[in-house]
Amino acid sequence: MLNGFKSSFGQSLRIGIAPDALALVRTSIWPHERARLLGQVAATGADPVSLGAALGMLLGEHDVAGLPVTVVLADDLARLWQVTPPEGATRLADLEAAAMLRYQALFGGGVSGWSISADWDAARPFLAAAVPLSLLEQLTTAAISQRFRLVEIVPQFVAALNQHRRVRRAGAWFGVVHGGVLCICPFDRAQVPGRGV
């Protein structure tokens, strides 16, 4: 049992993954309970195999079976970009094609080896993110072997953006500096307040 909170309602875990270190944090839906650092380990490299080995060491120290887990990736482990939907787009396939074309223009090459997710929207520009498939495989393998429930994988910028969604103001900018990486985005003047990414 993980410090006696396994059966407590509203408890979950967050795994933070950066190129040089990983951390395991207990979180709660209750405002009076603070997040608590349970452990951290150094990573020997930013490649998925090294991160997978560090993840195994971190989780090997705790019983996480059955717990909901959110993984927050450092922004330099993911790729983030904004996509303007093509005029007249009506299908998800149109939006996916626009996201892939924008990806190629920004990062060069195809999306092979990457998994793309986005806040698909045919009416306004939307944020897209790509995560290496090999890293997703490491996380899926860890979830199976450690028997935790992997509920979300999100880049640090998107996690921060969603956390502050209620204070967004049209025409404002939002920025996060994490691990030496600066991510910023403008809010559309017509953006609906309270929308998640």
# chains A, B, ... in the order shown; residues from 1 in each chain; ligands from 1
call {"tool": "select_by_dssp", "arguments": {"residues": "chain A", "states": "helix (DSSP H, G or I)", "output": "PyMOL selection string"}}
result
chain A and resi 48-60+75-77+92-107+133-146+156-163+165-167
call {"tool": "residues_around", "arguments": {"residues": "Gly180 in chain A", "least_positions_apart": "2", "cutoff": "12 Å", "atoms": "only C-alpha atoms", "output": "PyMOL selection string"}}
result
chain A and resi 18-19+74-76+176-178+182-183
call {"tool": "closest_residue", "arguments": {"among": "A:Ala53, A:Val83, A:His62, A:Glu152", "to": "Gln104 in chain A", "atoms": "only C-alpha atoms"}}
result
A:Val83
call {"tool": "atom_distance", "arguments": {"atom1": "CA of Leu77 in chain A", "atom2": "CA of Arg36 in chain A"}}
result
23.9 Å
call {"tool": "closest_residue", "arguments": {"among": "A:Val167, A:Leu51, A:Asp94, A:Ala143", "to": "Gly66 in chain A", "atoms": "only C-alpha atoms"}}
result
A:Ala143
call {"tool": "atom_distance", "arguments": {"atom1": "CA of Thr27 in chain A", "atom2": "CA of Thr140 in chain A"}}
result
20.8 Å
call {"tool": "residues_around", "arguments": {"residues": "Val131 in chain A", "least_positions_apart": "3", "cutoff": "6 Å", "atoms": "only C-alpha atoms", "output": "PyMOL selection string"}}
result
chain A and resi 78+114-115
call {"tool": "select_by_dssp", "arguments": {"residues": "range 113-165 of chain A", "states": "strand (DSSP E)", "output": "number ranges by chain"}}
result
A: 114-118, 126-132, 149-155
call {"tool": "write_last_selection", "arguments": {"atoms": "N, CA, C and O atoms", "output": "compact mmCIF listing (two decimals), in the first residue's frame"}}
result
# COMPACT_ATOMS: atom_id res chain seq x y z
N TRP A 114 5.69 9.23 -34.43
CA TRP A 114 5.08 10.16 -33.48
C TRP A 114 3.57 9.92 -33.43
O TRP A 114 2.95 9.58 -34.43
N SER A 115 2.99 10.12 -32.26
CA SER A 115 1.54 10.06 -32.08
C SER A 115 1.02 11.47 -31.91
O SER A 115 1.50 12.21 -31.03
N ILE A 116 0.05 11.86 -32.73
CA ILE A 116 -0.50 13.22 -32.68
C ILE A 116 -1.85 13.23 -31.99
O ILE A 116 -2.71 12.39 -32.24
N SER A 117 -2.03 14.20 -31.12
CA SER A 117 -3.31 14.45 -30.46
C SER A 117 -3.56 15.95 -30.53
O SER A 117 -2.61 16.73 -30.60
N ALA A 118 -4.83 16.34 -30.52
CA ALA A 118 -5.13 17.77 -30.65
C ALA A 118 -6.49 18.09 -30.08
O ALA A 118 -7.30 17.20 -29.81
N PHE A 126 -6.31 25.57 -33.43
CA PHE A 126 -6.26 24.68 -32.27
C PHE A 126 -4.83 24.23 -32.02
O PHE A 126 -3.97 24.30 -32.90
N LEU A 127 -4.58 23.78 -30.80
CA LEU A 127 -3.27 23.31 -30.38
C LEU A 127 -3.15 21.82 -30.66
O LEU A 127 -4.08 21.05 -30.41
N ALA A 128 -2.01 21.41 -31.20
CA ALA A 128 -1.72 20.00 -31.45
C ALA A 128 -0.42 19.63 -30.75
O ALA A 128 0.44 20.48 -30.52
N ALA A 129 -0.30 18.36 -30.39
CA ALA A 129 0.90 17.87 -29.73
C ALA A 129 1.27 16.52 -30.31
O ALA A 129 0.40 15.73 -30.69
N ALA A 130 2.57 16.24 -30.37
CA ALA A 130 3.06 14.94 -30.82
C ALA A 130 4.03 14.40 -29.78
O ALA A 130 4.83 15.14 -29.22
N VAL A 131 3.91 13.10 -29.51
CA VAL A 131 4.76 12.41 -28.55
C VAL A 131 5.37 11.21 -29.27
O VAL A 131 4.68 10.55 -30.06
N PRO A 132 6.65 10.91 -29.03
CA PRO A 132 7.26 9.75 -29.69
C PRO A 132 6.52 8.46 -29.35
O PRO A 132 6.20 8.20 -28.18
N ARG A 149 -3.67 2.61 -13.66
CA ARG A 149 -4.56 3.07 -14.73
C ARG A 149 -4.00 4.36 -15.32
O ARG A 149 -4.01 5.41 -14.68
N LEU A 150 -3.51 4.27 -16.53
CA LEU A 150 -2.95 5.42 -17.23
C LEU A 150 -4.10 6.23 -17.80
O LEU A 150 -4.73 5.82 -18.77
N VAL A 151 -4.42 7.38 -17.19
CA VAL A 151 -5.59 8.13 -17.60
C VAL A 151 -5.28 9.29 -18.53
O VAL A 151 -6.14 9.74 -19.28
N GLU A 152 -4.03 9.78 -18.49
CA GLU A 152 -3.70 10.93 -19.34
C GLU A 152 -2.19 11.04 -19.49
O GLU A 152 -1.44 10.81 -18.56
N ILE A 153 -1.77 11.43 -20.70
CA ILE A 153 -0.38 11.80 -20.98
C ILE A 153 -0.45 13.18 -21.59
O ILE A 153 -1.12 13.38 -22.61
N VAL A 154 0.21 14.14 -20.98
CA VAL A 154 0.05 15.53 -21.41
C VAL A 154 1.39 16.27 -21.29
O VAL A 154 2.13 16.09 -20.33
N PRO A 155 1.74 17.10 -22.29
CA PRO A 155 2.93 17.94 -22.16
C PRO A 155 2.74 18.97 -21.04
O PRO A 155 1.62 19.38 -20.74
call {"tool": "residues_around", "arguments": {"residues": "Pro125 in chain A", "least_positions_apart": "6", "cutoff": "7 Å", "atoms": "only C-alpha atoms", "output": "PyMOL selection string"}}
result
chain A and resi 82-85
call {"tool": "write_last_selection", "arguments": {"atoms": "C-alpha atoms", "output": "CSV table (one decimal), in the first residue's frame"}}
result
chain,number,residue,atom,x,y,z
A,82,GLN,CA,-0.9,25.5,-33.5
A,83,VAL,CA,-3.0,24.5,-36.5
A,84,THR,CA,-5.3,26.7,-38.5
A,85,PRO,CA,-8.1,24.6,-39.9
call {"tool": "atom_distance", "arguments": {"atom1": "CA of Leu59 in chain A", "atom2": "CA of Gln11 in chain A"}}
result
16.8 Å
call {"tool": "residues_around", "arguments": {"residues": "Gly88 in chain A", "least_positions_apart": "4", "cutoff": "12 Å", "atoms": "only C-alpha atoms", "output": "list in words"}}
result
Thr84, Leu92, Asp94, Leu95, Asp121, Ala122, Ala123 and Arg124 of chain A
call {"tool": "write_last_selection", "arguments": {"atoms": "N, CA, C and O atoms", "output": "PDB file, in the first residue's frame"}}
result
ATOM      1  N   THR A  84      -4.117  25.979 -38.024  1.00  0.00           N
ATOM      2  CA  THR A  84      -5.274  26.722 -38.521  1.00  0.00           C
ATOM      3  C   THR A  84      -6.077  25.777 -39.399  1.00  0.00           C
ATOM      4  O   THR A  84      -5.544  25.231 -40.368  1.00  0.00           O
ATOM      5  N   LEU A  92     -13.031  15.262 -39.537  1.00  0.00           N
ATOM      6  CA  LEU A  92     -11.827  15.092 -38.728  1.00  0.00           C
ATOM      7  C   LEU A  92     -10.621  14.855 -39.626  1.00  0.00           C
ATOM      8  O   LEU A  92      -9.525  15.356 -39.356  1.00  0.00           O
ATOM      9  N   ASP A  94      -9.952  16.179 -42.441  1.00  0.00           N
ATOM     10  CA  ASP A  94      -9.458  17.479 -42.915  1.00  0.00           C
ATOM     11  C   ASP A  94      -8.538  18.117 -41.879  1.00  0.00           C
ATOM     12  O   ASP A  94      -7.488  18.667 -42.207  1.00  0.00           O
ATOM     13  N   LEU A  95      -8.952  18.046 -40.619  1.00  0.00           N
ATOM     14  CA  LEU A  95      -8.175  18.645 -39.536  1.00  0.00           C
ATOM     15  C   LEU A  95      -6.875  17.883 -39.306  1.00  0.00           C
ATOM     16  O   LEU A  95      -5.817  18.483 -39.082  1.00  0.00           O
ATOM     17  N   ASP A 121     -10.667  21.355 -33.883  1.00  0.00           N
ATOM     18  CA  ASP A 121     -11.711  22.369 -33.985  1.00  0.00           C
ATOM     19  C   ASP A 121     -11.734  22.888 -35.420  1.00  0.00           C
ATOM     20  O   ASP A 121     -10.730  23.413 -35.906  1.00  0.00           O
ATOM     21  N   ALA A 122     -12.857  22.748 -36.101  1.00  0.00           N
ATOM     22  CA  ALA A 122     -12.974  23.190 -37.494  1.00  0.00           C
ATOM     23  C   ALA A 122     -13.265  24.681 -37.597  1.00  0.00           C
ATOM     24  O   ALA A 122     -13.165  25.262 -38.676  1.00  0.00           O
ATOM     25  N   ALA A 123     -13.582  25.338 -36.469  1.00  0.00           N
ATOM     26  CA  ALA A 123     -13.990  26.739 -36.512  1.00  0.00           C
ATOM     27  C   ALA A 123     -12.879  27.722 -36.163  1.00  0.00           C
ATOM     28  O   ALA A 123     -12.972  28.896 -36.514  1.00  0.00           O
ATOM     29  N   ARG A 124     -11.850  27.270 -35.459  1.00  0.00           N
ATOM     30  CA  ARG A 124     -10.785  28.194 -35.017  1.00  0.00           C
ATOM     31  C   ARG A 124      -9.466  27.450 -34.890  1.00  0.00           C
ATOM     32  O   ARG A 124      -9.453  26.221 -34.800  1.00  0.00           O
TER      33      ARG A 124
END
call {"tool": "residues_around", "arguments": {"residues": "Ile29 in chain A", "least_positions_apart": "6", "cutoff": "10 Å", "atoms": "only C-alpha atoms", "output": "JSON, numbers by chain"}}
result
{"A": [9, 10, 11, 12, 35]}
call {"tool": "write_last_selection", "arguments": {"atoms": "C-alpha atoms", "output": "PDB file, in the first residue's frame"}}
result
ATOM      1  CA  PHE A   9     -11.459   8.535  -2.601  1.00  0.00           C
ATOM      2  CA  GLY A  10     -10.122  11.375  -4.767  1.00  0.00           C
ATOM      3  CA  GLN A  11      -6.448  10.341  -4.662  1.00  0.00           C
ATOM      4  CA  SER A  12      -4.322   9.878  -7.770  1.00  0.00           C
ATOM      5  CA  ALA A  35       0.460  17.425  -3.627  1.00  0.00           C
TER       6      ALA A  35
END
